[in-house]
file input_31.cif (mmCIF, C-alpha atoms and all ligand atoms)
data_data
#
loop_
_atom_site.group_PDB
_atom_site.id
_atom_site.type_symbol
_atom_site.label_atom_id
_atom_site.label_comp_id
_atom_site.auth_asym_id
_atom_site.auth_seq_id
_atom_site.Cartn_x
_atom_site.Cartn_y
_atom_site.Cartn_z
ATOM 1 C CA MET A 148 0.000 0.000 0.000
ATOM 2 C CA VAL A 149 1.241 3.486 -0.856
ATOM 3 C CA ASN A 150 1.298 5.769 2.181
ATOM 4 C CA LEU A 151 -1.796 7.970 1.863
ATOM 5 C CA SER A 152 -1.054 10.231 4.801
ATOM 6 C CA THR A 153 -1.055 13.922 4.005
ATOM 7 C CA THR A 154 -0.590 17.362 5.483
ATOM 8 C CA ILE A 155 -2.902 20.372 5.416
ATOM 9 C CA ALA A 156 -1.664 23.672 6.841
ATOM 10 C CA GLY A 157 0.915 21.864 8.959
ATOM 11 C CA VAL A 158 -1.536 19.292 10.362
ATOM 12 C CA THR A 159 -0.818 15.638 9.544
ATOM 13 C CA PHE A 160 -3.676 13.351 8.530
ATOM 14 C CA PRO A 161 -3.189 9.554 8.707
ATOM 15 C CA SER A 162 -5.262 9.215 5.524
ATOM 16 C CA CYS A 163 -6.181 11.715 2.824
ATOM 17 C CA PHE A 164 -9.853 10.613 2.873
ATOM 18 C CA MET A 165 -12.412 12.175 5.185
ATOM 19 C CA ASN A 166 -16.102 12.888 5.360
ATOM 20 C CA ALA A 167 -17.471 16.099 3.894
ATOM 21 C CA ALA A 168 -19.228 18.278 6.456
ATOM 22 C CA GLY A 169 -22.818 17.129 6.375
ATOM 23 C CA ALA A 170 -22.250 13.452 5.638
ATOM 24 C CA LEU A 171 -22.876 11.278 8.716
ATOM 25 C CA CYS A 172 -21.431 13.848 11.123
ATOM 26 C CA VAL A 173 -24.276 15.552 12.998
ATOM 27 C CA THR A 174 -24.651 13.539 16.213
ATOM 28 C CA ARG A 175 -22.172 12.342 18.823
ATOM 29 C CA GLU A 176 -22.749 8.765 17.656
ATOM 30 C CA GLU A 177 -22.026 9.619 14.040
ATOM 31 C CA LEU A 178 -18.895 11.582 14.941
ATOM 32 C CA GLU A 179 -17.598 8.768 17.167
ATOM 33 C CA ALA A 180 -18.264 6.281 14.370
ATOM 34 C CA LEU A 181 -16.113 8.432 12.095
ATOM 35 C CA GLY A 182 -13.448 8.361 14.792
ATOM 36 C CA LYS A 183 -13.468 4.548 14.797
ATOM 37 C CA SER A 184 -13.613 4.295 10.992
ATOM 38 C CA GLY A 185 -10.878 4.452 8.387
ATOM 39 C CA ALA A 186 -11.496 8.176 7.812
ATOM 40 C CA GLY A 187 -8.367 10.310 8.081
ATOM 41 C CA ALA A 188 -10.184 12.992 10.081
ATOM 42 C CA ILE A 189 -13.447 13.761 11.817
ATOM 43 C CA VAL A 190 -15.260 16.670 10.197
ATOM 44 C CA THR A 191 -18.250 18.040 12.091
ATOM 45 C CA LYS A 192 -21.500 19.116 10.550
ATOM 46 C CA SER A 193 -21.531 22.854 9.856
ATOM 47 C CA MET A 194 -22.792 24.376 13.075
ATOM 48 C CA THR A 195 -25.021 27.313 13.863
ATOM 49 C CA ILE A 196 -25.709 29.190 17.108
ATOM 50 C CA GLU A 197 -28.942 27.357 17.884
ATOM 51 C CA ALA A 198 -29.543 23.635 17.380
ATOM 52 C CA ARG A 199 -31.541 23.091 14.173
ATOM 53 C CA ARG A 200 -33.778 20.304 12.953
ATOM 54 C CA GLY A 201 -33.132 21.439 9.374
ATOM 55 C CA ASN A 202 -35.498 21.548 6.429
ATOM 56 C CA PRO A 203 -38.603 19.369 6.044
ATOM 57 C CA GLU A 204 -38.214 15.872 4.570
ATOM 58 C CA PRO A 205 -37.671 14.442 2.040
ATOM 59 C CA ARG A 206 -34.492 16.494 1.849
ATOM 60 C CA TYR A 207 -31.952 14.069 0.333
ATOM 61 C CA HIS A 208 -32.339 12.081 -2.848
ATOM 62 C CA GLY A 209 -29.726 9.852 -4.453
ATOM 63 C CA PHE A 210 -29.904 9.126 -8.161
ATOM 64 C CA VAL A 211 -27.668 7.454 -10.725
ATOM 65 C CA GLY A 212 -24.671 9.759 -10.951
ATOM 66 C CA GLY A 213 -25.192 11.841 -7.861
ATOM 67 C CA SER A 214 -27.471 13.323 -5.240
ATOM 68 C CA ILE A 215 -29.486 16.393 -4.435
ATOM 69 C CA ASN A 216 -29.950 17.652 -0.887
ATOM 70 C CA SER A 217 -31.509 20.492 0.981
ATOM 71 C CA MET A 218 -30.757 19.511 4.557
ATOM 72 C CA GLY A 219 -30.934 23.059 5.919
ATOM 73 C CA LEU A 220 -28.030 22.748 8.369
ATOM 74 C CA PRO A 221 -29.495 20.305 10.908
ATOM 75 C CA ASN A 222 -26.994 20.387 13.784
ATOM 76 C CA LEU A 223 -26.668 20.277 17.562
ATOM 77 C CA GLY A 224 -25.720 23.937 17.974
ATOM 78 C CA TYR A 225 -22.179 25.191 18.509
ATOM 79 C CA LYS A 226 -22.057 24.771 22.277
ATOM 80 C CA ALA A 227 -22.681 21.028 21.971
ATOM 81 C CA TYR A 228 -19.874 20.673 19.405
ATOM 82 C CA ALA A 229 -17.530 22.727 21.618
ATOM 83 C CA GLU A 230 -18.099 20.138 24.364
ATOM 84 C CA LEU A 231 -17.653 17.212 21.994
ATOM 85 C CA ILE A 232 -14.440 18.315 20.297
ATOM 86 C CA PRO A 233 -12.012 17.427 23.144
ATOM 87 C CA GLN A 234 -13.584 13.952 23.311
ATOM 88 C CA LEU A 235 -13.346 13.491 19.542
ATOM 89 C CA LYS A 236 -9.650 14.361 19.623
ATOM 90 C CA ARG A 237 -9.044 11.181 21.639
ATOM 91 C CA PHE A 238 -9.504 9.156 18.448
ATOM 92 C CA GLY A 239 -6.015 10.294 17.434
ATOM 93 C CA LYS A 240 -6.875 11.903 14.121
ATOM 94 C CA PRO A 241 -7.467 15.556 13.249
ATOM 95 C CA VAL A 242 -10.824 17.103 14.085
ATOM 96 C CA ILE A 243 -12.089 19.739 11.670
ATOM 97 C CA ALA A 244 -14.866 21.927 13.027
ATOM 98 C CA SER A 245 -17.125 23.327 10.351
ATOM 99 C CA VAL A 246 -18.499 26.724 11.291
ATOM 100 C CA ALA A 247 -21.545 28.214 9.597
ATOM 101 C CA GLY A 248 -24.145 30.732 10.745
ATOM 102 C CA LEU A 249 -27.399 32.284 9.703
ATOM 103 C CA GLY A 250 -26.042 35.822 9.752
ATOM 104 C CA GLU A 251 -22.672 37.564 9.690
ATOM 105 C CA ASP A 252 -22.641 38.128 13.449
ATOM 106 C CA ASP A 253 -22.972 34.399 14.140
ATOM 107 C CA PHE A 254 -19.666 33.399 12.579
ATOM 108 C CA PRO A 255 -17.232 35.236 14.910
ATOM 109 C CA ALA A 256 -19.195 34.173 18.000
ATOM 110 C CA ILE A 257 -19.131 30.523 16.967
ATOM 111 C CA ALA A 258 -15.510 30.697 15.838
ATOM 112 C CA GLU A 259 -14.370 32.087 19.198
ATOM 113 C CA LEU A 260 -15.952 29.381 21.342
ATOM 114 C CA ILE A 261 -15.063 26.579 18.942
ATOM 115 C CA ASN A 262 -11.461 27.769 18.712
ATOM 116 C CA ALA A 263 -11.278 27.580 22.502
ATOM 117 C CA ALA A 264 -12.295 23.904 22.259
ATOM 118 C CA ASP A 265 -9.082 23.435 20.246
ATOM 119 C CA PRO A 266 -10.047 21.479 17.134
ATOM 120 C CA ASP A 267 -7.092 20.802 14.838
ATOM 121 C CA LEU A 268 -8.515 22.980 12.079
ATOM 122 C CA ILE A 269 -11.584 25.160 11.540
ATOM 123 C CA GLU A 270 -13.426 25.314 8.233
ATOM 124 C CA VAL A 271 -15.624 28.370 7.680
ATOM 125 C CA ASN A 272 -18.546 27.382 5.493
ATOM 126 C CA LEU A 273 -19.431 30.264 3.165
ATOM 127 C CA SER A 274 -21.406 28.100 0.789
ATOM 128 C CA CYS A 275 -24.526 26.422 2.168
ATOM 129 C CA PRO A 276 -27.142 26.780 -0.591
ATOM 130 C CA ASN A 277 -30.072 25.462 1.412
ATOM 131 C CA ILE A 278 -31.304 28.093 3.846
ATOM 132 C CA PRO A 279 -34.380 29.745 2.355
ATOM 133 C CA GLY A 280 -33.826 33.482 1.996
ATOM 134 C CA LYS A 281 -30.081 33.294 2.751
ATOM 135 C CA PRO A 282 -27.875 33.582 -0.327
ATOM 136 C CA GLN A 283 -24.528 31.799 -0.339
ATOM 137 C CA ILE A 284 -22.029 34.257 1.169
ATOM 138 C CA GLY A 285 -19.246 32.937 -1.041
ATOM 139 C CA TYR A 286 -20.954 34.460 -4.066
ATOM 140 C CA ASP A 287 -20.629 37.928 -2.514
ATOM 141 C CA PRO A 288 -16.912 38.841 -2.360
ATOM 142 C CA GLU A 289 -17.461 41.966 -0.229
ATOM 143 C CA ALA A 290 -19.550 40.105 2.351
ATOM 144 C CA SER A 291 -17.035 37.231 2.343
ATOM 145 C CA GLU A 292 -14.165 39.600 3.023
ATOM 146 C CA ARG A 293 -16.049 41.442 5.756
ATOM 147 C CA LEU A 294 -16.946 38.174 7.449
ATOM 148 C CA LEU A 295 -13.523 36.540 7.139
ATOM 149 C CA LYS A 296 -11.812 39.641 8.529
ATOM 150 C CA ARG A 297 -14.062 39.428 11.594
ATOM 151 C CA VAL A 298 -13.526 35.703 12.040
ATOM 152 C CA ARG A 299 -9.768 35.579 11.399
ATOM 153 C CA PRO A 300 -8.697 37.143 14.739
ATOM 154 C CA LYS A 301 -10.862 34.659 16.664
ATOM 155 C CA ILE A 302 -9.086 31.609 15.234
ATOM 156 C CA THR A 303 -5.624 30.443 16.270
ATOM 157 C CA VAL A 304 -5.716 26.978 14.641
ATOM 158 C CA PRO A 305 -5.467 26.738 10.814
ATOM 159 C CA MET A 306 -8.497 28.462 9.298
ATOM 160 C CA GLY A 307 -9.946 27.197 6.026
ATOM 161 C CA VAL A 308 -12.850 28.288 3.891
ATOM 162 C CA LYS A 309 -15.356 26.041 2.159
ATOM 163 C CA LEU A 310 -16.413 27.721 -1.045
ATOM 164 C CA PRO A 311 -19.179 27.229 -3.550
ATOM 165 C CA PRO A 312 -18.222 26.396 -7.140
ATOM 166 C CA TYR A 313 -17.323 29.307 -9.388
ATOM 167 C CA PHE A 314 -17.879 29.120 -13.094
ATOM 168 C CA ASP A 315 -15.816 31.982 -14.465
ATOM 169 C CA PRO A 316 -12.091 32.763 -14.101
ATOM 170 C CA ALA A 317 -12.974 36.338 -13.136
ATOM 171 C CA HIS A 318 -14.707 34.971 -10.038
ATOM 172 C CA HIS A 319 -11.736 32.738 -9.140
ATOM 173 C CA ASP A 320 -9.497 35.805 -9.336
ATOM 174 C CA VAL A 321 -11.762 38.043 -7.249
ATOM 175 C CA MET A 322 -12.235 35.412 -4.533
ATOM 176 C CA GLY A 323 -8.571 34.426 -4.651
ATOM 177 C CA ALA A 324 -7.620 38.016 -3.868
ATOM 178 C CA VAL A 325 -10.156 38.137 -1.004
ATOM 179 C CA LEU A 326 -8.783 34.927 0.503
ATOM 180 C CA ARG A 327 -5.234 36.236 0.263
ATOM 181 C CA ARG A 328 -6.155 39.474 2.022
ATOM 182 C CA CYS A 329 -7.967 37.558 4.773
ATOM 183 C CA GLY A 330 -5.078 35.245 5.695
ATOM 184 C CA VAL A 331 -6.849 31.986 4.881
ATOM 185 C CA ASP A 332 -4.732 28.887 5.614
ATOM 186 C CA PHE A 333 -6.484 26.280 3.474
ATOM 187 C CA LEU A 334 -9.424 25.827 1.104
ATOM 188 C CA ASN A 335 -12.118 23.214 0.746
ATOM 189 C CA LEU A 336 -13.383 23.064 -2.857
ATOM 190 C CA ILE A 337 -16.258 22.668 -3.508
ATOM 191 C CA ASN A 338 -19.577 22.615 -1.698
ATOM 192 C CA SER A 339 -22.471 21.142 -3.635
ATOM 193 C CA VAL A 340 -23.525 22.824 -6.870
ATOM 194 C CA GLY A 341 -26.291 24.936 -5.421
ATOM 195 C CA ASN A 342 -29.884 25.179 -6.497
ATOM 196 C CA GLY A 343 -30.047 22.363 -8.970
ATOM 197 C CA LEU A 344 -33.351 20.660 -9.704
ATOM 198 C CA VAL A 345 -33.983 16.937 -10.109
ATOM 199 C CA VAL A 346 -37.272 15.851 -11.677
ATOM 200 C CA ASP A 347 -39.052 12.495 -11.378
ATOM 201 C CA PRO A 348 -40.834 12.231 -14.737
ATOM 202 C CA GLU A 349 -43.110 9.384 -13.597
ATOM 203 C CA ARG A 350 -44.486 11.340 -10.673
ATOM 204 C CA GLU A 351 -44.117 14.573 -12.627
ATOM 205 C CA ALA A 352 -42.658 15.989 -9.439
ATOM 206 C CA VAL A 353 -39.571 17.254 -7.735
ATOM 207 C CA VAL A 354 -37.741 14.784 -5.484
ATOM 208 C CA ILE A 355 -37.082 16.864 -2.364
ATOM 209 C CA LYS A 356 -39.502 19.038 -0.432
ATOM 210 C CA PRO A 357 -37.630 22.230 0.581
ATOM 211 C CA LYS A 358 -37.411 25.257 -1.699
ATOM 212 C CA GLY A 359 -39.743 23.828 -4.323
ATOM 213 C CA GLY A 360 -37.282 21.017 -5.050
ATOM 214 C CA PHE A 361 -34.155 23.146 -5.521
ATOM 215 C CA GLY A 362 -31.076 21.827 -3.743
ATOM 216 C CA GLY A 363 -27.343 21.251 -3.747
ATOM 217 C CA VAL A 364 -26.165 18.706 -6.288
ATOM 218 C CA GLY A 365 -23.295 16.390 -5.378
ATOM 219 C CA GLY A 366 -21.690 13.141 -6.424
ATOM 220 C CA ARG A 367 -20.161 11.862 -9.629
ATOM 221 C CA ILE A 368 -21.753 14.401 -11.948
ATOM 222 C CA ILE A 369 -20.111 17.407 -10.297
ATOM 223 C CA LYS A 370 -16.540 16.110 -10.580
ATOM 224 C CA PRO A 371 -15.531 18.340 -13.540
ATOM 225 C CA VAL A 372 -16.758 21.415 -11.679
ATOM 226 C CA ALA A 373 -14.884 20.409 -8.518
ATOM 227 C CA LEU A 374 -11.679 19.641 -10.424
ATOM 228 C CA ALA A 375 -11.865 22.978 -12.240
ATOM 229 C CA ASN A 376 -12.166 24.878 -8.968
ATOM 230 C CA VAL A 377 -9.320 22.944 -7.329
ATOM 231 C CA ARG A 378 -7.144 23.630 -10.376
ATOM 232 C CA ALA A 379 -8.059 27.297 -10.674
ATOM 233 C CA PHE A 380 -7.282 28.081 -7.033
ATOM 234 C CA TYR A 381 -4.156 25.893 -7.061
ATOM 235 C CA LYS A 382 -2.868 28.006 -9.934
ATOM 236 C CA PHE A 383 -4.025 31.291 -8.417
ATOM 237 C CA PHE A 384 -1.954 30.578 -5.299
ATOM 238 C CA GLU A 385 0.881 29.013 -7.317
ATOM 239 C CA GLY A 386 0.659 25.789 -5.360
ATOM 240 C CA THR A 387 1.149 27.414 -1.963
ATOM 241 C CA MET A 388 -2.451 27.070 -0.696
ATOM 242 C CA PRO A 389 -3.355 23.684 0.832
ATOM 243 C CA ILE A 390 -6.561 22.419 -0.791
ATOM 244 C CA ILE A 391 -9.064 19.759 0.236
ATOM 245 C CA GLY A 392 -10.829 18.566 -2.920
ATOM 246 C CA THR A 393 -14.496 17.713 -2.534
ATOM 247 C CA GLY A 394 -16.875 16.695 -5.285
ATOM 248 C CA GLY A 395 -17.356 13.668 -7.471
ATOM 249 C CA ILE A 396 -15.107 11.214 -5.680
ATOM 250 C CA VAL A 397 -16.603 7.767 -6.127
ATOM 251 C CA GLU A 398 -13.532 5.689 -6.967
ATOM 252 C CA GLY A 399 -9.835 5.935 -6.150
ATOM 253 C CA VAL A 400 -9.029 7.337 -9.570
ATOM 254 C CA ASP A 401 -11.296 10.320 -8.833
ATOM 255 C CA ALA A 402 -9.139 11.176 -5.818
ATOM 256 C CA PHE A 403 -6.029 10.835 -8.019
ATOM 257 C CA GLU A 404 -7.533 13.373 -10.435
ATOM 258 C CA HIS A 405 -8.115 15.777 -7.533
ATOM 259 C CA PHE A 406 -4.452 15.363 -6.483
ATOM 260 C CA LEU A 407 -3.241 16.032 -10.034
ATOM 261 C CA CYS A 408 -5.300 19.245 -10.048
ATOM 262 C CA GLY A 409 -3.748 20.361 -6.767
ATOM 263 C CA ALA A 410 -5.628 18.843 -3.821
ATOM 264 C CA SER A 411 -3.678 17.415 -0.875
ATOM 265 C CA ALA A 412 -6.656 15.626 0.689
ATOM 266 C CA VAL A 413 -10.211 14.801 -0.348
ATOM 267 C CA GLN A 414 -13.652 14.649 1.232
ATOM 268 C CA VAL A 415 -16.561 12.426 0.329
ATOM 269 C CA GLY A 416 -20.238 13.180 0.757
ATOM 270 C CA THR A 417 -22.636 11.373 -1.551
ATOM 271 C CA VAL A 418 -20.631 8.139 -1.743
ATOM 272 C CA LEU A 419 -20.297 8.060 2.052
ATOM 273 C CA VAL A 420 -24.035 8.484 2.531
ATOM 274 C CA GLU A 421 -24.763 5.808 -0.091
ATOM 275 C CA GLU A 422 -22.112 3.282 0.937
ATOM 276 C CA GLY A 423 -21.424 3.915 4.619
ATOM 277 C CA LEU A 424 -18.151 4.017 6.535
ATOM 278 C CA ASP A 425 -16.577 1.067 4.711
ATOM 279 C CA VAL A 426 -16.120 3.401 1.753
ATOM 280 C CA PHE A 427 -12.903 4.724 3.316
ATOM 281 C CA GLY A 428 -11.153 1.348 3.119
ATOM 282 C CA ARG A 429 -12.282 0.809 -0.461
ATOM 283 C CA LEU A 430 -11.148 4.259 -1.587
ATOM 284 C CA GLU A 431 -7.779 3.868 0.132
ATOM 285 C CA ALA A 432 -7.124 0.524 -1.542
ATOM 286 C CA GLU A 433 -8.159 1.840 -4.959
ATOM 287 C CA THR A 434 -6.151 5.060 -4.649
ATOM 288 C CA SER A 435 -3.107 3.237 -3.412
ATOM 289 C CA ALA A 436 -3.328 0.917 -6.434
ATOM 290 C CA VAL A 437 -3.598 3.854 -8.843
ATOM 291 C CA LEU A 438 -0.631 5.707 -7.306
ATOM 292 C CA SER A 439 1.460 2.570 -7.259
ATOM 293 C CA ARG A 440 0.647 1.773 -10.929
ATOM 294 C CA LYS A 441 1.627 5.325 -11.858
ATOM 295 C CA GLY A 442 4.896 5.084 -9.916
ATOM 296 C CA TYR A 443 4.054 7.620 -7.201
ATOM 297 C CA GLN A 444 5.096 6.961 -3.595
ATOM 298 C CA SER A 445 2.956 9.685 -2.029
ATOM 299 C CA ILE A 446 0.233 12.257 -2.697
ATOM 300 C CA GLN A 447 2.773 15.054 -2.487
ATOM 301 C CA GLU A 448 4.653 13.571 -5.446
ATOM 302 C CA CYS A 449 1.688 13.866 -7.816
ATOM 303 C CA ARG A 450 0.026 16.959 -6.343
ATOM 304 C CA GLY A 451 -0.610 19.612 -8.972
ATOM 305 C CA ARG A 452 1.224 17.738 -11.729
ATOM 306 C CA LEU A 453 -1.597 17.921 -14.222
ATOM 307 C CA LYS A 454 -0.175 18.298 -17.738
ATOM 308 C CA GLU A 455 -1.608 20.934 -20.041
ATOM 309 C CA LEU A 456 -1.610 20.365 -23.791
HETATM 310 C C1 LIG B 1 -27.160 21.585 4.365
HETATM 311 O O1 LIG B 1 -27.172 21.316 5.572
HETATM 312 O O2 LIG B 1 -28.163 22.047 3.800
HETATM 313 C C2 LIG B 1 -25.937 21.366 3.547
HETATM 314 C C3 LIG B 1 -24.795 22.105 4.096
HETATM 315 C C4 LIG B 1 -23.960 22.771 3.061
HETATM 316 O O3 LIG B 1 -24.167 22.570 1.867
HETATM 317 O O4 LIG B 1 -23.067 23.532 3.438
#

call {"tool": "encode", "arguments": {"input": "input_31.cif", "output": "structure tokens"}}
result
Amino acid sequence: MVNLSTTIAGVTFPSCFMNAAGALCVTREELEALGKSGAGAIVTKSMTIEARRGNPEPRYHGFVGGSINSMGLPNLGYKAYAELIPQLKRFGKPVIASVAGLGEDDFPAIAELINAADPDLIEVNLSCPNIPGKPQIGYDPEASERLLKRVRPKITVPMGVKLPPYFDPAHHDVMGAVLRRCGVDFLNLINSVGNGLVVDPEREAVVIKPKGGFGGVGGRIIKPVALANVRAFYKFFEGTMPIIGTGGIVEGVDAFEHFLCGASAVQVGTVLVEEGLDVFGRLEAETSAVLSRKGYQSIQECRGRLKEL
């Protein structure tokens, strides 16, 4: 087996595979199960000030090629995660706390208390597409900068940002400059492709209840969008920004593609929900086989080495 350990912002992960915030990581039981699993980290559900039940069900639908969800940030509330984090650290792998909020004032308050609980890294989620009436902050560069500049002084562990997908190089450049000015330590690219719509032609109906059926699309079909965002930001920061690639990883070769584009680690959402915790062992074996066949001894060796024609 090739060694699949990796480093993000100076923190070592025993494996490059971890859950995406949202996938099987809301409750204590789910987080402890991640701790016992083959995942290389424990990533919490994105948390808000108050505990939330989330959006009405059905709010997740898997289909051939991907998934659509509109969970609406169901979570235990930040105080509960602050209590859990020290216990989760006993599993001996990094804990990433995912911080969200329903308004700009929420983020610094959550970040301060969560930072005091000493997770290994904090990911600031600027990209949840599923709260009715709340646009994704990551699509507003001024609001993103304002928010990140308020949060940055509250965080002493590595601070990352989870971004939505961008579809134009001008947007990569604008956000890249914001992230540079805000002292961001790592990126997570990408959140689901927001506000997609899946139709069941037999029932002549949408497949999830919230927001008239609109939701975040994930899974295999979003891989090209995820890879493009990993590549664009890798190039913007000339390889110096640690990147977690998220989106479209179903098989080991998908993770390899993320590494070639510039990711140092990867997160899985849809495939984890569909397959359960055993997915980590499968993905590790497949990725190790791909790297070994290609003659690479580590992720670092192939990171960013995508050839252009
Ligand atoms: C959700 O809870 O609706 C998904 C979270 C996210 O996409 O950030």

call {"tool": "closest_atom_pairs", "arguments": {"input": "input_31.cif", "of": "chain A", "to": "ligand LIG 1 (chain B)", "cutoff": "9 Å", "atoms": "only C-alpha atoms and all ligand atoms", "output": "JSON lines"}}
result
{"residue": "A:Ala168", "atom": "CA", "partner": "B:LIG1", "partner_atom": "C3", "distance": 7.2}
{"residue": "A:Gly169", "atom": "CA", "partner": "B:LIG1", "partner_atom": "C3", "distance": 5.8}
{"residue": "A:Ala170", "atom": "CA", "partner": "B:LIG1", "partner_atom": "C2", "distance": 9.0}
{"residue": "A:Lys192", "atom": "CA", "partner": "B:LIG1", "partner_atom": "C3", "distance": 7.8}
{"residue": "A:Ser193", "atom": "CA", "partner": "B:LIG1", "partner_atom": "O4", "distance": 6.6}
{"residue": "A:Gly201", "atom": "CA", "partner": "B:LIG1", "partner_atom": "O1", "distance": 7.1}
{"residue": "A:Asn202", "atom": "CA", "partner": "B:LIG1", "partner_atom": "O2", "distance": 7.8}
{"residue": "A:Arg206", "atom": "CA", "partner": "B:LIG1", "partner_atom": "O2", "distance": 8.6}
{"residue": "A:Asn216", "atom": "CA", "partner": "B:LIG1", "partner_atom": "O2", "distance": 6.7}
{"residue": "A:Ser217", "atom": "CA", "partner": "B:LIG1", "partner_atom": "O2", "distance": 4.6}
{"residue": "A:Met218", "atom": "CA", "partner": "B:LIG1", "partner_atom": "O2", "distance": 3.7}
{"residue": "A:Gly219", "atom": "CA", "partner": "B:LIG1", "partner_atom": "O2", "distance": 3.6}
{"residue": "A:Leu220", "atom": "CA", "partner": "B:LIG1", "partner_atom": "O1", "distance": 3.3}
{"residue": "A:Pro221", "atom": "CA", "partner": "B:LIG1", "partner_atom": "O1", "distance": 5.9}
{"residue": "A:Asn222", "atom": "CA", "partner": "B:LIG1", "partner_atom": "O1", "distance": 8.3}
{"residue": "A:Ala247", "atom": "CA", "partner": "B:LIG1", "partner_atom": "O4", "distance": 7.9}
{"residue": "A:Asn272", "atom": "CA", "partner": "B:LIG1", "partner_atom": "O4", "distance": 6.3}
{"residue": "A:Leu273", "atom": "CA", "partner": "B:LIG1", "partner_atom": "O4", "distance": 7.7}
{"residue": "A:Ser274", "atom": "CA", "partner": "B:LIG1", "partner_atom": "O4", "distance": 5.5}
{"residue": "A:Cys275", "atom": "CA", "partner": "B:LIG1", "partner_atom": "O4", "distance": 3.5}
{"residue": "A:Pro276", "atom": "CA", "partner": "B:LIG1", "partner_atom": "O3", "distance": 5.7}
{"residue": "A:Asn277", "atom": "CA", "partner": "B:LIG1", "partner_atom": "O2", "distance": 4.6}
{"residue": "A:Ile278", "atom": "CA", "partner": "B:LIG1", "partner_atom": "O2", "distance": 6.8}
{"residue": "A:Lys309", "atom": "CA", "partner": "B:LIG1", "partner_atom": "O4", "distance": 8.2}
{"residue": "A:Pro311", "atom": "CA", "partner": "B:LIG1", "partner_atom": "O3", "distance": 8.7}
{"residue": "A:Asn338", "atom": "CA", "partner": "B:LIG1", "partner_atom": "O3", "distance": 5.8}
{"residue": "A:Ser339", "atom": "CA", "partner": "B:LIG1", "partner_atom": "O3", "distance": 5.9}
{"residue": "A:Val340", "atom": "CA", "partner": "B:LIG1", "partner_atom": "O3", "distance": 8.8}
{"residue": "A:Gly341", "atom": "CA", "partner": "B:LIG1", "partner_atom": "O3", "distance": 8.0}
{"residue": "A:Gly362", "atom": "CA", "partner": "B:LIG1", "partner_atom": "O2", "distance": 8.1}
{"residue": "A:Gly363", "atom": "CA", "partner": "B:LIG1", "partner_atom": "O3", "distance": 6.6}

call {"tool": "resolve_selection", "arguments": {"input": "input_31.cif", "expression": "the PyMOL selection byres (((chain A and resi 260) around 12) and not hetatm)", "output": "number ranges by chain"}}
result
A: 194-196, 224-230, 232, 244, 246, 253-259, 261-266, 269, 298, 301-303

call {"tool": "atom_distance", "arguments": {"input": "input_31.cif", "atom1": "CA of Gly423 (chain A)", "atom2": "CA of Gly409 (chain A)"}}
result
26.7 Å

call {"tool": "residues_around", "arguments": {"input": "input_31.cif", "residues": "Gly307 (chain A)", "least_positions_apart": "6", "cutoff": "8 Å", "atoms": "only C-alpha atoms", "output": "number ranges by chain"}}
result
A: 268-271, 331-335

call {"tool": "resolve_selection", "arguments": {"input": "input_31.cif", "expression": "the PyMOL selection byres (((chain A and resi 439-456) around 12) and not hetatm)", "output": "ChimeraX atom specification"}}
result
/A:148-155,160,162-164,374-375,377-382,384-392,399-400,402-413,431-438

call {"tool": "resolve_selection", "arguments": {"input": "input_31.cif", "expression": "the PyMOL selection byres (((chain A and resi 182) around 10) and not hetatm)", "output": "number ranges by chain"}}
result
A: 176-181, 183-190, 235-242

call {"tool": "closest_residue", "arguments": {"input": "input_31.cif", "among": "A:Ala167, A:Lys370, A:Val354, A:Arg328", "to": "Arg299 (chain A)", "atoms": "only C-alpha atoms"}}
result
A:Arg328

call {"tool": "decode", "arguments": {"input": "input_31.cif", "residues": "region 328-334 of chain A", "atoms": "N, CA, C and O atoms", "output": "CSV table (one decimal), in the first residue's frame"}}
result
chain,number,residue,atom,x,y,z
A,328,ARG,N,-6.1,38.3,1.1
A,328,ARG,CA,-6.2,39.5,2.0
A,328,ARG,C,-6.6,39.1,3.4
A,328,ARG,O,-6.3,39.7,4.4
A,329,CYS,N,-7.4,38.0,3.5
A,329,CYS,CA,-8.0,37.6,4.8
A,329,CYS,C,-7.1,36.5,5.5
A,329,CYS,O,-7.5,36.1,6.6
A,330,GLY,N,-6.0,36.2,5.0
A,330,GLY,CA,-5.1,35.2,5.7
A,330,GLY,C,-5.6,33.9,5.9
A,330,GLY,O,-5.5,33.2,6.9
A,331,VAL,N,-6.3,33.3,4.8
A,331,VAL,CA,-6.8,32.0,4.9
A,331,VAL,C,-5.7,31.0,4.8
A,331,VAL,O,-4.8,31.1,4.0
A,332,ASP,N,-5.8,29.9,5.6
A,332,ASP,CA,-4.7,28.9,5.6
A,332,ASP,C,-5.0,27.7,4.7
A,332,ASP,O,-4.0,27.0,4.4
A,333,PHE,N,-6.2,27.4,4.4
A,333,PHE,CA,-6.5,26.3,3.5
A,333,PHE,C,-7.9,26.5,2.9
A,333,PHE,O,-8.7,27.2,3.4
A,334,LEU,N,-8.1,25.8,1.8
A,334,LEU,CA,-9.4,25.8,1.1
A,334,LEU,C,-10.0,24.4,1.0
A,334,LEU,O,-9.3,23.4,0.9
